[in-house]
file structure.csv (CSV, N, CA and C atoms)
chain,number,residue,atom,x,y,z
A,695,MET,N,0.8,-1.2,0.0
A,695,MET,CA,0.0,0.0,0.0
A,695,MET,C,0.9,1.3,0.0
A,696,MET,N,1.9,1.2,0.8
A,696,MET,CA,2.8,2.4,0.9
A,696,MET,C,3.5,2.6,-0.4
A,697,ASN,N,3.9,1.5,-1.1
A,697,ASN,CA,4.6,1.6,-2.3
A,697,ASN,C,3.6,2.2,-3.4
A,698,ALA,N,2.4,1.9,-3.4
A,698,ALA,CA,1.4,2.4,-4.4
A,698,ALA,C,1.3,3.9,-4.2
A,699,ASN,N,1.2,4.3,-2.9
A,699,ASN,CA,1.1,5.8,-2.6
A,699,ASN,C,2.3,6.5,-3.1
A,700,MET,N,3.5,6.0,-2.9
A,700,MET,CA,4.8,6.6,-3.3
A,700,MET,C,4.8,6.7,-4.9
A,701,ASP,N,4.3,5.6,-5.5
A,701,ASP,CA,4.3,5.6,-7.0
A,701,ASP,C,3.4,6.7,-7.5
A,702,ALA,N,2.2,6.9,-6.8
A,702,ALA,CA,1.3,7.9,-7.2
A,702,ALA,C,1.8,9.3,-7.0
A,703,ILE,N,2.5,9.5,-5.9
A,703,ILE,CA,3.2,10.8,-5.6
A,703,ILE,C,4.3,11.1,-6.6
A,704,ASP,N,5.1,10.0,-6.9
A,704,ASP,CA,6.1,10.2,-7.9
A,704,ASP,C,5.6,10.5,-9.3
A,705,ALA,N,4.5,9.9,-9.7
A,705,ALA,CA,3.8,10.1,-11.0
A,705,ALA,C,3.3,11.6,-11.0
A,706,GLY,N,2.7,12.0,-9.9
A,706,GLY,CA,2.2,13.4,-9.8
A,706,GLY,C,3.3,14.4,-9.9
A,707,ASN,N,4.4,14.1,-9.2
A,707,ASN,CA,5.5,15.0,-9.3
A,707,ASN,C,6.1,15.1,-10.7
A,708,GLN,N,6.1,13.9,-11.4
A,708,GLN,CA,6.6,13.8,-12.8
A,708,GLN,C,5.8,14.7,-13.7
A,709,VAL,N,4.4,14.6,-13.5
A,709,VAL,CA,3.5,15.4,-14.4
A,709,VAL,C,3.7,16.8,-14.1
A,710,GLU,N,3.9,17.2,-12.8
A,710,GLU,CA,4.1,18.6,-12.5
A,710,GLU,C,5.4,19.1,-13.1
A,711,LEU,N,6.4,18.3,-13.0
A,711,LEU,CA,7.7,18.7,-13.6
A,711,LEU,C,7.6,18.9,-15.1
A,712,GLU,N,6.9,18.0,-15.7
A,712,GLU,CA,6.7,18.1,-17.2
A,712,GLU,C,6.0,19.4,-17.6
A,713,GLU,N,4.9,19.7,-16.8
A,713,GLU,CA,4.1,20.9,-17.0
A,713,GLU,C,5.0,22.1,-16.8
A,714,LYS,N,5.8,22.1,-15.8
A,714,LYS,CA,6.7,23.3,-15.5
A,714,LYS,C,7.7,23.4,-16.7
A,715,ALA,N,8.2,22.3,-17.2
A,715,ALA,CA,9.2,22.3,-18.3
A,715,ALA,C,8.5,22.9,-19.5
A,716,GLN,N,7.3,22.5,-19.8
A,716,GLN,CA,6.6,23.0,-20.9
A,716,GLN,C,6.3,24.5,-20.8
A,717,LEU,N,6.0,25.0,-19.6
A,717,LEU,CA,5.8,26.4,-19.4
A,717,LEU,C,7.0,27.2,-19.5
A,718,ILE,N,8.1,26.7,-19.0
A,718,ILE,CA,9.4,27.3,-19.2
A,718,ILE,C,9.8,27.4,-20.7
A,719,ASN,N,9.6,26.4,-21.4
A,719,ASN,CA,9.9,26.4,-22.9
A,719,ASN,C,9.0,27.4,-23.6
A,720,GLN,N,7.7,27.5,-23.2
A,720,GLN,CA,6.8,28.5,-23.8
A,720,GLN,C,7.3,29.9,-23.5
A,721,VAL,N,7.7,30.1,-22.2
A,721,VAL,CA,8.1,31.5,-21.8
A,721,VAL,C,9.4,31.8,-22.6
A,722,LEU,N,10.3,30.9,-22.8
A,722,LEU,CA,11.5,31.2,-23.5
A,722,LEU,C,11.2,31.5,-25.0
A,723,GLU,N,10.3,30.7,-25.6
A,723,GLU,CA,9.9,30.9,-27.0
A,723,GLU,C,9.3,32.3,-27.1
A,724,LEU,N,8.4,32.7,-26.2
A,724,LEU,CA,7.8,34.0,-26.2
A,724,LEU,C,8.8,35.1,-26.1
A,725,GLN,N,9.9,34.9,-25.2
A,725,GLN,CA,10.9,35.9,-25.1
A,725,GLN,C,11.7,36.1,-26.4
A,726,HIS,N,12.0,35.0,-27.1
A,726,HIS,CA,12.7,35.0,-28.4
A,726,HIS,C,11.8,35.8,-29.4
A,727,THR,N,10.5,35.5,-29.4
A,727,THR,CA,9.6,36.1,-30.3
A,727,THR,C,9.5,37.6,-30.0
A,728,ARG,N,9.5,38.0,-28.8
A,728,ARG,CA,9.5,39.4,-28.4
A,728,ARG,C,10.8,40.1,-28.8
A,729,GLU,N,11.9,39.4,-28.7
A,729,GLU,CA,13.2,40.0,-29.1
A,729,GLU,C,13.2,40.2,-30.6
A,730,ASP,N,12.7,39.2,-31.3
A,730,ASP,CA,12.6,39.3,-32.8
A,730,ASP,C,11.7,40.4,-33.2
A,731,LEU,N,10.6,40.6,-32.6
A,731,LEU,CA,9.7,41.7,-32.9
A,731,LEU,C,10.3,43.0,-32.6
A,732,SER,N,11.0,43.1,-31.5
A,732,SER,CA,11.7,44.3,-31.1
A,732,SER,C,12.7,44.7,-32.1
A,733,THR,N,13.5,43.7,-32.5
A,733,THR,CA,14.5,44.0,-33.6
A,733,THR,C,13.8,44.5,-34.9
A,734,SER,N,12.7,43.9,-35.2
A,734,SER,CA,12.0,44.3,-36.4
A,734,SER,C,11.5,45.7,-36.3
A,735,ILE,N,11.0,46.0,-35.1
A,735,ILE,CA,10.4,47.3,-34.9
A,735,ILE,C,11.5,48.4,-35.0
A,736,ASP,N,12.7,48.1,-34.4
A,736,ASP,CA,13.8,49.0,-34.5
A,736,ASP,C,14.2,49.2,-36.0
A,737,ALA,N,14.3,48.2,-36.7
A,737,ALA,CA,14.6,48.3,-38.2
A,737,ALA,C,13.6,49.1,-38.9
A,738,VAL,N,12.3,49.0,-38.6
A,738,VAL,CA,11.3,49.7,-39.3
A,738,VAL,C,11.4,51.2,-38.9
A,739,LYS,N,11.7,51.5,-37.6
A,739,LYS,CA,11.8,52.9,-37.1
A,739,LYS,C,13.0,53.5,-37.9
A,740,GLU,N,14.1,52.8,-38.0
A,740,GLU,CA,15.3,53.3,-38.7
A,740,GLU,C,15.0,53.6,-40.1
A,741,GLY,N,14.3,52.7,-40.8
A,741,GLY,CA,13.9,52.9,-42.2
A,741,GLY,C,13.0,54.1,-42.3
A,742,ASN,N,12.1,54.2,-41.4
A,742,ASN,CA,11.1,55.4,-41.4
A,742,ASN,C,11.9,56.7,-41.3
A,743,LEU,N,12.8,56.8,-40.4
A,743,LEU,CA,13.6,58.0,-40.3
A,743,LEU,C,14.4,58.3,-41.5
A,744,LYS,N,14.9,57.3,-42.2
A,744,LYS,CA,15.7,57.4,-43.4
A,744,LYS,C,14.7,58.0,-44.5
A,745,LEU,N,13.5,57.4,-44.6
A,745,LEU,CA,12.6,57.9,-45.6
A,745,LEU,C,12.1,59.3,-45.3
A,746,LYS,N,11.9,59.7,-44.1
A,746,LYS,CA,11.6,61.0,-43.8
A,746,LYS,C,12.6,62.0,-44.3
A,747,SER,N,13.9,61.6,-44.0
A,747,SER,CA,15.0,62.5,-44.5
A,747,SER,C,15.0,62.6,-46.0
A,748,GLU,N,14.8,61.5,-46.7
A,748,GLU,CA,14.8,61.5,-48.1
A,748,GLU,C,13.6,62.3,-48.7
A,749,TYR,N,12.5,62.2,-48.0
A,749,TYR,CA,11.3,63.0,-48.5
A,749,TYR,C,11.6,64.5,-48.3
A,750,THR,N,12.2,64.8,-47.2
A,750,THR,CA,12.6,66.2,-46.9
A,750,THR,C,13.5,66.8,-48.0
A,751,ILE,N,14.5,66.0,-48.4
A,751,ILE,CA,15.4,66.4,-49.4
A,751,ILE,C,14.7,66.5,-50.8
A,752,LEU,N,13.8,65.5,-51.0
A,752,LEU,CA,13.1,65.5,-52.3
A,752,LEU,C,12.2,66.8,-52.3
A,753,GLY,N,11.5,67.1,-51.2
A,753,GLY,CA,10.6,68.2,-51.2
A,753,GLY,C,11.4,69.5,-51.4
A,754,GLN,N,12.6,69.6,-50.9
A,754,GLN,CA,13.4,70.8,-51.1
A,754,GLN,C,13.9,70.9,-52.6
A,755,TYR,N,14.2,69.7,-53.1
A,755,TYR,CA,14.6,69.7,-54.6
A,755,TYR,C,13.4,70.2,-55.4
A,756,ILE,N,12.2,69.7,-55.1
A,756,ILE,CA,11.0,70.1,-55.9
A,756,ILE,C,10.8,71.6,-55.8
A,757,GLU,N,10.9,72.1,-54.6
A,757,GLU,CA,10.7,73.5,-54.3
A,757,GLU,C,11.7,74.4,-55.1
A,758,ASN,N,13.0,73.9,-55.1
A,758,ASN,CA,14.0,74.6,-55.8
A,758,ASN,C,13.8,74.6,-57.3
A,759,PHE,N,13.4,73.4,-57.8
A,759,PHE,CA,13.1,73.3,-59.2
A,759,PHE,C,11.9,74.2,-59.6
A,760,MET,N,10.9,74.2,-58.8
A,760,MET,CA,9.7,75.0,-59.2
A,760,MET,C,10.0,76.5,-59.1
A,761,SER,N,10.8,76.9,-58.2
A,761,SER,CA,11.2,78.3,-58.1
A,761,SER,C,12.2,78.7,-59.2
A,762,ALA,N,12.9,77.8,-59.7
A,762,ALA,CA,13.9,78.1,-60.8
A,762,ALA,C,13.2,78.0,-62.2
A,763,SER,N,12.1,77.3,-62.3
A,763,SER,CA,11.5,77.1,-63.6
A,763,SER,C,10.5,78.2,-63.9
A,764,SER,N,10.6,78.7,-65.1
A,764,SER,CA,9.7,79.8,-65.5
A,764,SER,C,8.3,79.3,-65.6
A,765,ALA,N,8.0,78.1,-65.8
A,765,ALA,CA,6.7,77.6,-66.0
A,765,ALA,C,5.9,77.7,-64.7
A,766,PHE,N,6.5,77.7,-63.6
A,766,PHE,CA,5.8,77.8,-62.3
A,766,PHE,C,5.7,79.2,-61.8
A,767,LYS,N,6.3,80.2,-62.5
A,767,LYS,CA,6.3,81.6,-62.0
A,767,LYS,C,5.1,82.3,-62.6
A,768,HIS,N,4.5,83.1,-61.8
A,768,HIS,CA,3.3,83.8,-62.2
A,768,HIS,C,3.6,85.1,-62.8
call {"tool": "encode", "arguments": {"input": "structure.csv", "output": "structure tokens"}}
result
Amino acid sequence: MMNANMDAIDAGNQVELEEKAQLINQVLELQHTREDLSTSIDAVKEGNLKLKSEYTILGQYIENFMSASSAFKH
């Protein structure tokens, strides 16, 4: 009888350990996913800043072109 109880306790502990291991793996996977998303967000932010700079330069070029062109003067 005592042996059966010990086996049941050991089996319960084994299940609990397996569940903990699964949760730890899920947490680690989510951390990696978050890191990947954070890296992607940083890359998008950097690209956005670069595009803003390019648009500013392009806007200045267009303004200079329009002011230099007689077709746009009144």
call {"tool": "atom_distance", "arguments": {"input": "structure.csv", "atom1": "CA of Gly753 (chain A)", "atom2": "atom C of Lys739 (chain A)"}}
result
20.0 Å
call {"tool": "atom_distance", "arguments": {"input": "structure.csv", "atom1": "atom N of Tyr755 (chain A)", "atom2": "atom C of Ile735 (chain A)"}}
result
28.1 Å
call {"tool": "atom_distance", "arguments": {"input": "structure.csv", "atom1": "atom N of Val738 (chain A)", "atom2": "CA of Gln720 (chain A)"}}
result
25.9 Å
call {"tool": "decode", "arguments": {"input": "structure.csv", "residues": "region 704-734 of chain A", "atoms": "N, CA, C and O atoms", "output": "mmCIF file, in the first residue's frame"}}
result
data_model
loop_
_atom_site.group_PDB
_atom_site.id
_atom_site.type_symbol
_atom_site.label_atom_id
_atom_site.label_comp_id
_atom_site.auth_asym_id
_atom_site.auth_seq_id
_atom_site.Cartn_x
_atom_site.Cartn_y
_atom_site.Cartn_z
ATOM 1 N N ASP A 704 5.087 10.048 -6.947
ATOM 2 C CA ASP A 704 6.143 10.203 -7.948
ATOM 3 C C ASP A 704 5.556 10.536 -9.318
ATOM 4 O O ASP A 704 6.079 11.381 -10.038
ATOM 5 N N ALA A 705 4.466 9.861 -9.675
ATOM 6 C CA ALA A 705 3.816 10.135 -10.964
ATOM 7 C C ALA A 705 3.267 11.559 -10.983
ATOM 8 O O ALA A 705 3.386 12.264 -11.989
ATOM 9 N N GLY A 706 2.681 11.987 -9.876
ATOM 10 C CA GLY A 706 2.161 13.354 -9.792
ATOM 11 C C GLY A 706 3.273 14.379 -9.897
ATOM 12 O O GLY A 706 3.134 15.409 -10.573
ATOM 13 N N ASN A 707 4.379 14.104 -9.234
ATOM 14 C CA ASN A 707 5.533 15.007 -9.322
ATOM 15 C C ASN A 707 6.094 15.055 -10.736
ATOM 16 O O ASN A 707 6.507 16.107 -11.218
ATOM 17 N N GLN A 708 6.119 13.907 -11.395
ATOM 18 C CA GLN A 708 6.630 13.841 -12.765
ATOM 19 C C GLN A 708 5.760 14.681 -13.699
ATOM 20 O O GLN A 708 6.274 15.421 -14.527
ATOM 21 N N VAL A 709 4.443 14.571 -13.542
ATOM 22 C CA VAL A 709 3.517 15.358 -14.366
ATOM 23 C C VAL A 709 3.730 16.846 -14.102
ATOM 24 O O VAL A 709 3.791 17.651 -15.025
ATOM 25 N N GLU A 710 3.879 17.202 -12.834
ATOM 26 C CA GLU A 710 4.086 18.601 -12.462
ATOM 27 C C GLU A 710 5.399 19.130 -13.052
ATOM 28 O O GLU A 710 5.451 20.244 -13.580
ATOM 29 N N LEU A 711 6.448 18.326 -13.002
ATOM 30 C CA LEU A 711 7.735 18.729 -13.572
ATOM 31 C C LEU A 711 7.643 18.900 -15.085
ATOM 32 O O LEU A 711 8.223 19.834 -15.653
ATOM 33 N N GLU A 712 6.917 18.008 -15.741
ATOM 34 C CA GLU A 712 6.742 18.118 -17.190
ATOM 35 C C GLU A 712 5.956 19.372 -17.551
ATOM 36 O O GLU A 712 6.287 20.059 -18.523
ATOM 37 N N GLU A 713 4.930 19.690 -16.773
ATOM 38 C CA GLU A 713 4.142 20.902 -17.023
ATOM 39 C C GLU A 713 5.005 22.143 -16.826
ATOM 40 O O GLU A 713 4.932 23.099 -17.612
ATOM 41 N N LYS A 714 5.836 22.133 -15.776
ATOM 42 C CA LYS A 714 6.729 23.268 -15.534
ATOM 43 C C LYS A 714 7.719 23.428 -16.686
ATOM 44 O O LYS A 714 7.996 24.537 -17.135
ATOM 45 N N ALA A 715 8.247 22.308 -17.154
ATOM 46 C CA ALA A 715 9.196 22.342 -18.271
ATOM 47 C C ALA A 715 8.531 22.905 -19.524
ATOM 48 O O ALA A 715 9.135 23.706 -20.247
ATOM 49 N N GLN A 716 7.294 22.514 -19.770
ATOM 50 C CA GLN A 716 6.553 23.040 -20.924
ATOM 51 C C GLN A 716 6.341 24.544 -20.787
ATOM 52 O O GLN A 716 6.511 25.288 -21.752
ATOM 53 N N LEU A 717 5.968 24.983 -19.597
ATOM 54 C CA LEU A 717 5.757 26.418 -19.367
ATOM 55 C C LEU A 717 7.050 27.198 -19.543
ATOM 56 O O LEU A 717 7.054 28.275 -20.146
ATOM 57 N N ILE A 718 8.136 26.660 -19.037
ATOM 58 C CA ILE A 718 9.436 27.327 -19.198
ATOM 59 C C ILE A 718 9.788 27.438 -20.677
ATOM 60 O O ILE A 718 10.234 28.491 -21.145
ATOM 61 N N ASN A 719 9.579 26.372 -21.428
ATOM 62 C CA ASN A 719 9.855 26.402 -22.871
ATOM 63 C C ASN A 719 8.974 27.428 -23.586
ATOM 64 O O ASN A 719 9.442 28.133 -24.487
ATOM 65 N N GLN A 720 7.713 27.507 -23.186
ATOM 66 C CA GLN A 720 6.813 28.488 -23.802
ATOM 67 C C GLN A 720 7.260 29.908 -23.485
ATOM 68 O O GLN A 720 7.237 30.785 -24.354
ATOM 69 N N VAL A 721 7.668 30.145 -22.240
ATOM 70 C CA VAL A 721 8.146 31.473 -21.846
ATOM 71 C C VAL A 721 9.392 31.841 -22.649
ATOM 72 O O VAL A 721 9.514 32.961 -23.154
ATOM 73 N N LEU A 722 10.320 30.903 -22.778
ATOM 74 C CA LEU A 722 11.537 31.160 -23.545
ATOM 75 C C LEU A 722 11.216 31.451 -25.011
ATOM 76 O O LEU A 722 11.803 32.349 -25.617
ATOM 77 N N GLU A 723 10.287 30.700 -25.559
ATOM 78 C CA GLU A 723 9.886 30.922 -26.959
ATOM 79 C C GLU A 723 9.258 32.310 -27.121
ATOM 80 O O GLU A 723 9.551 33.030 -28.081
ATOM 81 N N LEU A 724 8.423 32.689 -26.168
ATOM 82 C CA LEU A 724 7.807 34.020 -26.225
ATOM 83 C C LEU A 724 8.849 35.123 -26.073
ATOM 84 O O LEU A 724 8.748 36.171 -26.721
ATOM 85 N N GLN A 725 9.857 34.897 -25.248
ATOM 86 C CA GLN A 725 10.922 35.882 -25.104
ATOM 87 C C GLN A 725 11.681 36.056 -26.412
ATOM 88 O O GLN A 725 11.998 37.178 -26.813
ATOM 89 N N HIS A 726 11.964 34.957 -27.086
ATOM 90 C CA HIS A 726 12.652 35.033 -28.379
ATOM 91 C C HIS A 726 11.781 35.750 -29.408
ATOM 92 O O HIS A 726 12.284 36.575 -30.189
ATOM 93 N N THR A 727 10.500 35.456 -29.394
ATOM 94 C CA THR A 727 9.576 36.115 -30.321
ATOM 95 C C THR A 727 9.548 37.619 -30.045
ATOM 96 O O THR A 727 9.585 38.426 -30.972
ATOM 97 N N ARG A 728 9.497 37.989 -28.772
ATOM 98 C CA ARG A 728 9.491 39.404 -28.402
ATOM 99 C C ARG A 728 10.780 40.080 -28.850
ATOM 100 O O ARG A 728 10.761 41.185 -29.389
ATOM 101 N N GLU A 729 11.909 39.409 -28.666
ATOM 102 C CA GLU A 729 13.193 39.962 -29.101
ATOM 103 C C GLU A 729 13.210 40.156 -30.610
ATOM 104 O O GLU A 729 13.684 41.184 -31.109
ATOM 105 N N ASP A 730 12.706 39.178 -31.342
ATOM 106 C CA ASP A 730 12.643 39.282 -32.807
ATOM 107 C C ASP A 730 11.749 40.443 -33.233
ATOM 108 O O ASP A 730 12.096 41.207 -34.143
ATOM 109 N N LEU A 731 10.594 40.573 -32.576
ATOM 110 C CA LEU A 731 9.687 41.678 -32.901
ATOM 111 C C LEU A 731 10.316 43.026 -32.567
ATOM 112 O O LEU A 731 10.187 43.993 -33.331
ATOM 113 N N SER A 732 11.007 43.091 -31.452
ATOM 114 C CA SER A 732 11.670 44.329 -31.053
ATOM 115 C C SER A 732 12.739 44.723 -32.076
ATOM 116 O O SER A 732 12.843 45.892 -32.456
ATOM 117 N N THR A 733 13.491 43.741 -32.544
ATOM 118 C CA THR A 733 14.505 43.992 -33.569
ATOM 119 C C THR A 733 13.844 44.480 -34.861
ATOM 120 O O THR A 733 14.331 45.420 -35.496
ATOM 121 N N SER A 734 12.749 43.855 -35.236
ATOM 122 C CA SER A 734 12.028 44.270 -36.450
ATOM 123 C C SER A 734 11.488 45.686 -36.304
ATOM 124 O O SER A 734 11.568 46.488 -37.246
#
